[in-house]
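Enquirer: Contents are CSV, C-alpha atoms; file name start22.csv:
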chain,number,residue,atom,x,y,z
L,1466,MET,CA,-62.3,25.3,10.6
L,1467,LEU,CA,-58.9,23.8,10.2
L,1468,LEU,CA,-58.7,20.1,9.5
L,1469,PRO,CA,-56.2,17.9,11.5
L,1470,TYR,CA,-52.9,18.0,9.7
L,1471,ASP,CA,-53.0,14.3,8.8
L,1472,LYS,CA,-56.4,14.9,7.1
L,1473,LEU,CA,-55.0,17.5,4.7
L,1474,PRO,CA,-54.6,16.5,1.0
L,1475,ASP,CA,-51.3,14.9,0.3
L,1476,ASN,CA,-50.0,17.8,-1.8
L,1477,MET,CA,-50.5,20.1,1.2
L,1478,LYS,CA,-48.7,18.0,3.7
L,1479,ASN,CA,-45.2,19.3,3.1
L,1480,ASP,CA,-42.5,21.2,5.0
L,1481,LYS,CA,-43.4,24.5,3.3
L,1482,VAL,CA,-47.1,24.4,4.3
L,1483,LYS,CA,-46.5,23.2,7.9
L,1484,PRO,CA,-45.4,26.6,9.3
L,1485,TYR,CA,-48.5,28.3,8.0
L,1486,TYR,CA,-50.7,25.5,9.3
L,1487,ASP,CA,-49.1,25.8,12.8
L,1488,LEU,CA,-49.6,29.5,12.7
L,1489,LEU,CA,-53.3,29.3,11.9
L,1490,CYS,CA,-53.7,26.6,14.6
L,1491,LYS,CA,-52.8,29.3,17.1
L,1492,LYS,CA,-55.5,31.6,15.6
L,1493,ARG,CA,-58.6,29.3,15.7
L,1494,LYS,CA,-60.6,32.0,17.5
L,1495,SER,CA,-59.8,34.5,14.8
L,1496,LEU,CA,-60.8,31.9,12.2
L,1497,PHE,CA,-64.1,31.4,14.0
L,1498,LEU,CA,-64.7,35.2,14.2
L,1499,LYS,CA,-63.8,35.5,10.5
L,1500,ARG,CA,-66.7,33.1,9.7
L,1501,LEU,CA,-69.1,34.9,11.9
L,1502,THR,CA,-68.1,38.2,10.3
L,1503,ASP,CA,-68.6,36.7,6.8
L,1504,LEU,CA,-72.1,35.6,7.7
L,1505,PHE,CA,-73.0,38.9,9.2
L,1506,ILE,CA,-71.6,41.0,6.4
L,1507,GLY,CA,-72.9,38.6,3.8
L,1508,ILE,CA,-76.5,38.9,5.0
L,1509,ILE,CA,-76.3,42.7,5.3
L,1510,LEU,CA,-74.8,43.0,1.7
L,1511,LEU,CA,-77.5,40.7,0.3
L,1512,ILE,CA,-80.3,42.8,1.8
L,1513,ILE,CA,-78.7,46.0,0.5
L,1514,LEU,CA,-77.7,44.7,-2.9
L,1515,ILE,CA,-80.5,42.3,-3.9
L,1516,ILE,CA,-82.4,45.0,-5.9
L,1517,PRO,CA,-79.2,46.4,-7.7
L,1518,MET,CA,-78.3,42.7,-8.5
L,1519,ILE,CA,-81.7,42.2,-10.1
L,1520,ILE,CA,-81.3,45.4,-12.1
L,1521,ILE,CA,-77.8,44.2,-13.3
L,1522,CYS,CA,-79.4,40.9,-14.3
L,1523,VAL,CA,-81.9,42.6,-16.5
L,1524,ILE,CA,-79.2,44.9,-18.1
L,1525,VAL,CA,-76.9,42.0,-18.9
L,1526,LYS,CA,-79.7,40.0,-20.4
L,1527,LEU,CA,-80.9,43.0,-22.6
L,1528,THR,CA,-77.5,44.1,-23.8
L,1529,SER,CA,-75.9,40.8,-25.0
L,1530,LYS,CA,-76.9,37.3,-26.0
L,1531,GLY,CA,-76.3,34.5,-23.4
L,1532,HIS,CA,-76.7,33.7,-19.8
L,1533,VAL,CA,-76.9,36.4,-17.1
L,1534,LEU,CA,-74.4,34.5,-14.9
L,1535,TYR,CA,-71.1,33.1,-15.8
L,1536,LYS,CA,-69.8,30.1,-14.0
L,1537,GLN,CA,-66.3,28.7,-13.9
L,1538,GLN,CA,-64.6,25.9,-11.9
L,1539,ARG,CA,-62.3,27.3,-9.2
L,1540,VAL,CA,-60.4,25.9,-6.3
L,1541,THR,CA,-61.0,26.8,-2.6
L,1542,THR,CA,-60.1,25.4,0.8
L,1543,TYR,CA,-58.1,22.1,0.8
L,1544,GLY,CA,-58.2,22.1,-3.0
L,1545,LYS,CA,-62.0,21.6,-3.2
L,1546,LYS,CA,-63.4,22.6,-6.6
L,1547,PHE,CA,-66.6,24.6,-6.9
L,1548,ASN,CA,-68.4,26.6,-9.6
L,1549,ILE,CA,-67.9,30.3,-9.0
L,1550,PHE,CA,-70.6,32.6,-10.2
L,1551,LYS,CA,-70.2,36.1,-11.6
L,1552,PHE,CA,-72.3,38.4,-13.7
L,1553,ARG,CA,-71.3,37.6,-17.3
L,1554,THR,CA,-69.0,40.4,-18.6
L,1555,MET,CA,-67.9,38.7,-21.8
L,1556,VAL,CA,-69.5,37.2,-24.9
L,1557,GLU,CA,-71.0,33.7,-24.4
L,1558,GLY,CA,-68.4,31.0,-24.6
L,1559,ALA,CA,-65.4,33.4,-24.2
L,1560,ASP,CA,-63.3,30.9,-22.2
L,1561,LYS,CA,-63.4,28.6,-25.3
L,1562,ILE,CA,-62.0,31.2,-27.7
L,1563,GLY,CA,-59.2,32.7,-25.6
L,1564,ALA,CA,-57.1,32.6,-22.4
L,1565,LEU,CA,-58.6,32.1,-19.0
L,1566,VAL,CA,-57.4,35.5,-17.9
L,1567,THR,CA,-58.1,38.7,-19.8
L,1568,SER,CA,-55.9,41.5,-21.0
L,1569,LYS,CA,-56.7,45.2,-21.5
L,1570,ASP,CA,-59.1,45.9,-24.5
L,1571,ASP,CA,-59.9,42.2,-24.7
L,1572,CYS,CA,-62.4,42.0,-27.5
L,1573,ARG,CA,-64.5,39.4,-25.7
L,1574,VAL,CA,-65.6,41.8,-23.0
L,1575,THR,CA,-69.0,43.4,-23.6
L,1576,LYS,CA,-69.7,47.1,-23.2
L,1577,ILE,CA,-71.6,46.7,-20.0
L,1578,GLY,CA,-69.0,44.1,-19.0
L,1579,LYS,CA,-66.3,46.8,-18.9
L,1580,VAL,CA,-68.4,48.9,-16.5
L,1581,LEU,CA,-69.1,45.9,-14.2
L,1582,ARG,CA,-65.5,44.9,-14.2
L,1583,LYS,CA,-64.3,48.5,-13.5
L,1584,TYR,CA,-66.3,48.7,-10.3
L,1585,ARG,CA,-66.1,44.9,-9.5
L,1586,LEU,CA,-69.9,44.7,-9.7
L,1587,ASP,CA,-69.5,41.4,-11.6
L,1588,GLU,CA,-68.3,39.8,-8.3
L,1589,LEU,CA,-71.6,40.5,-6.4
L,1590,PRO,CA,-73.1,37.0,-6.9
L,1591,GLN,CA,-70.2,35.7,-4.9
L,1592,ILE,CA,-72.0,36.9,-1.8
L,1593,PHE,CA,-73.9,33.6,-2.0
L,1594,HIS,CA,-70.6,31.7,-1.9
L,1595,VAL,CA,-69.6,33.6,1.2
L,1596,LEU,CA,-72.9,32.6,2.9
L,1597,SER,CA,-72.4,29.0,1.9
L,1598,GLY,CA,-68.9,28.9,3.3
L,1599,LYS,CA,-67.2,28.2,0.0
L,1600,MET,CA,-65.6,31.7,0.1
L,1601,SER,CA,-64.8,34.5,2.5
L,1602,ILE,CA,-65.0,38.2,2.2
L,1603,VAL,CA,-61.2,38.4,2.5
L,1604,GLY,CA,-58.9,35.7,1.2
L,1605,THR,CA,-56.9,34.5,-1.7
L,1606,ARG,CA,-58.8,34.9,-5.0
L,1607,PRO,CA,-59.8,31.4,-6.2
L,1608,GLU,CA,-57.7,30.2,-9.2
L,1609,VAL,CA,-58.8,27.8,-11.9
L,1610,PRO,CA,-57.5,24.2,-11.5
L,1611,LYS,CA,-55.2,24.7,-14.4
L,1612,TYR,CA,-53.2,27.3,-12.5
L,1613,VAL,CA,-53.4,25.6,-9.1
L,1614,GLU,CA,-51.6,22.7,-10.8
L,1615,LYS,CA,-48.6,25.1,-11.2
L,1616,TYR,CA,-48.4,25.9,-7.5
L,1617,THR,CA,-45.1,25.4,-5.7
L,1618,ASP,CA,-45.2,23.6,-2.3
L,1619,GLU,CA,-45.5,26.8,-0.4
L,1620,MET,CA,-48.3,28.2,-2.5
L,1621,TYR,CA,-50.5,25.4,-1.4
L,1622,ALA,CA,-50.6,27.1,2.1
L,1623,THR,CA,-53.1,29.5,0.6
L,1624,LEU,CA,-55.6,26.7,0.4
L,1625,LEU,CA,-55.7,26.4,4.2
L,1626,MET,CA,-58.3,29.2,4.2
L,1627,PRO,CA,-61.4,29.8,2.1
L,1628,ALA,CA,-60.9,31.7,-1.2
L,1629,GLY,CA,-61.9,35.4,-0.9
L,1630,ILE,CA,-63.8,38.0,-2.8
L,1631,THR,CA,-61.0,40.5,-2.1
L,1632,SER,CA,-57.4,40.3,-1.0
L,1633,LEU,CA,-54.2,42.3,-0.7
L,1634,ALA,CA,-53.1,40.7,-4.0
L,1635,SER,CA,-56.3,41.6,-5.8
L,1636,ILE,CA,-55.9,45.2,-4.6
L,1637,LYS,CA,-52.2,45.4,-5.7
L,1638,PHE,CA,-53.0,43.8,-9.1
L,1639,LYS,CA,-56.3,45.7,-9.8
L,1640,ASP,CA,-54.7,46.6,-13.2
L,1641,GLU,CA,-53.8,43.1,-14.0
L,1642,GLU,CA,-55.4,43.3,-17.4
L,1643,LYS,CA,-53.1,46.2,-18.4
L,1644,LEU,CA,-50.0,44.1,-17.3
L,1645,LEU,CA,-51.0,41.5,-19.8
L,1646,GLU,CA,-52.0,43.7,-22.7
L,1647,ASN,CA,-48.8,43.2,-24.7
L,1648,SER,CA,-48.4,39.6,-23.9
L,1649,ASP,CA,-47.9,37.1,-26.8
L,1650,ASN,CA,-48.9,34.2,-24.5
L,1651,ILE,CA,-51.2,35.4,-21.7
L,1652,ASP,CA,-51.5,32.0,-19.9
L,1653,LYS,CA,-47.7,31.6,-19.8
L,1654,ASP,CA,-47.0,35.1,-18.6
L,1655,TYR,CA,-49.7,34.9,-16.0
L,1656,VAL,CA,-48.3,31.7,-14.5
L,1657,GLU,CA,-44.6,32.7,-14.7
L,1658,LYS,CA,-44.8,36.4,-13.9
L,1659,ILE,CA,-48.0,37.5,-12.2
L,1660,LEU,CA,-49.1,34.4,-10.2
L,1661,PRO,CA,-45.8,34.2,-8.2
L,1662,GLN,CA,-46.1,37.9,-7.2
L,1663,LYS,CA,-49.7,37.6,-6.2
L,1664,MET,CA,-48.9,34.5,-4.1
L,1665,ARG,CA,-46.3,36.4,-2.2
L,1666,TYR,CA,-49.0,38.8,-1.1
L,1667,ASN,CA,-51.4,35.9,-0.3
L,1668,LEU,CA,-48.8,34.2,1.8
L,1669,LYS,CA,-48.0,37.4,3.6
L,1670,TYR,CA,-51.7,37.7,4.4
L,1671,ILE,CA,-51.7,34.3,6.1
L,1672,ASN,CA,-48.7,35.3,8.1
L,1673,ARG,CA,-50.4,38.4,9.3
L,1674,PHE,CA,-53.9,37.0,9.5
L,1675,GLY,CA,-56.2,38.5,12.1
L,1676,PHE,CA,-59.6,40.2,12.4
L,1677,ARG,CA,-58.2,43.7,12.3
L,1678,ARG,CA,-56.2,42.9,9.2
L,1679,ASP,CA,-59.4,41.6,7.4
L,1680,VAL,CA,-61.3,44.8,8.4
L,1681,HIS,CA,-58.4,46.9,7.0
L,1682,LEU,CA,-58.5,45.1,3.7
L,1683,MET,CA,-62.2,45.4,3.4
L,1684,LEU,CA,-62.0,49.2,3.9
L,1685,LYS,CA,-59.0,49.4,1.5
L,1686,THR,CA,-61.0,47.6,-1.1
L,1687,ILE,CA,-63.9,50.0,-0.8
L,1688,LYS,CA,-61.5,52.9,-1.1
L,1689,GLU,CA,-59.9,51.5,-4.2
L,1690,VAL,CA,-63.2,50.8,-5.9
L,1691,VAL,CA,-64.6,54.3,-5.1
L,1692,SER,CA,-61.4,56.0,-6.1
Show the structure stored in the file as structure tokens.
Expert:
Amino acid sequence: MLLPYDKLPDNMKNDKVKPYYDLLCKKRKSLFLKRLTDLFIGIILLIILIIPMIIICVIVKLTSKGHVLYKQQRVTTYGKKFNIFKFRTMVEGADKIGALVTSKDDCRVTKIGKVLRKYRLDELPQIFHVLSGKMSIVGTRPEVPKYVEKYTDEMYATLLMPAGITSLASIKFKDEEKLLENSDNIDKDYVEKILPQKMRYNLKYINRFGFRRDVHLMLKTIKEVVS
């Protein structure tokens, strides 16, 4: 639920964020319905996918050295930091030997990791984040603190709502790795070229936020993954 405006973090109390905050204040019922939907869908998905998730755990463990799950600090509602969990798709310690985002044909990605990434199966453990309230099914993909520090005043509006597993931006940039394949400085190009474009979609989502919009994005995500 929305905090009172004066309780927001200082970097979010600015003239660029205020219009988005006022808009969401008028949609408190939709925000409540969004949370109920997250809980309902999260429980259903967990029941359906618990066995496939166990199978993926075994495959990841048998095909490469290291932990089954990969955790990384990300940022969600009101700038709160949390450890996001994914099935590990890269070699152990990959974030210490390269950029925090990946490019096409990144040598750190394992063979099974390529398959998991292609069908977004590496994101399945995030169902637990949805159930705990740290994330939502639909919402801005959570960024690492390093990139959040580069946000403009308006971009902070995306932190008024929980981070999401899928979003309009993640659908539009499903081939993000290909966009960075010829980059000489992946981190720099991501912050200066890709992040601003993704944020335009994320801010557009907040402006058009509603239950029907969330359902549309869920269905669109399924269609993109299948196709």
Enquirer: Between L:Val1680, L:Val1525, L:Ile1549, L:Val1609, single out the one closest to L:Gln1591, counting only C-alpha atoms.
Expert: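 Among the listed residues, L:Ile1549 lies closest to L:Gln1591.
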Enquirer: In terms of the shortest atom-to-atom distance over all atoms listed in the file, which of L:Asp1503, L:Asp1654, L:Asp1475, L:Glu1642 is closest to L:Tyr1543?
Expert: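 Distance minimum relative to L:Tyr1543 lands on L:Asp1475.
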Enquirer: Have a look at L:Glu1657, L:Arg1606, L:Gly1531, L:Tyr1621 and name the one nearest to L:Phe1638; count all atoms listed in the file.
Expert: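 Checking each of L:Glu1657, L:Arg1606, L:Gly1531, L:Tyr1621 against L:Phe1638, counting all atoms listed in the file, the winner is L:Arg1606.
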Enquirer: Skipping near chain neighbours, those fewer than 3 positions away, what residues fall within 10 Å of L:Leu1644 using all atoms listed in the file, listed as a VMD selection string?
Expert: chain L and resid 1568 to 1569 1638 to 1641 1647 to 1648 1651 1654 to 1655 1658 to 1659
Enquirer: Quick one: pull the distance between atom CA of L:Leu1668 and atom CA of L:Asp1618, Å, one decimal.
Expert: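 So the two atoms, atom CA of L:Leu1668 and atom CA of L:Asp1618, lie 11.9 Å apart.
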Enquirer: List every protein, DNA or RNA residue with an atom no more than 12 Å from (-80.8, 39.6, -13.6) in the file's coordinates, counting all atoms listed in the file, and format the result as a count of residues only.
Expert: 25
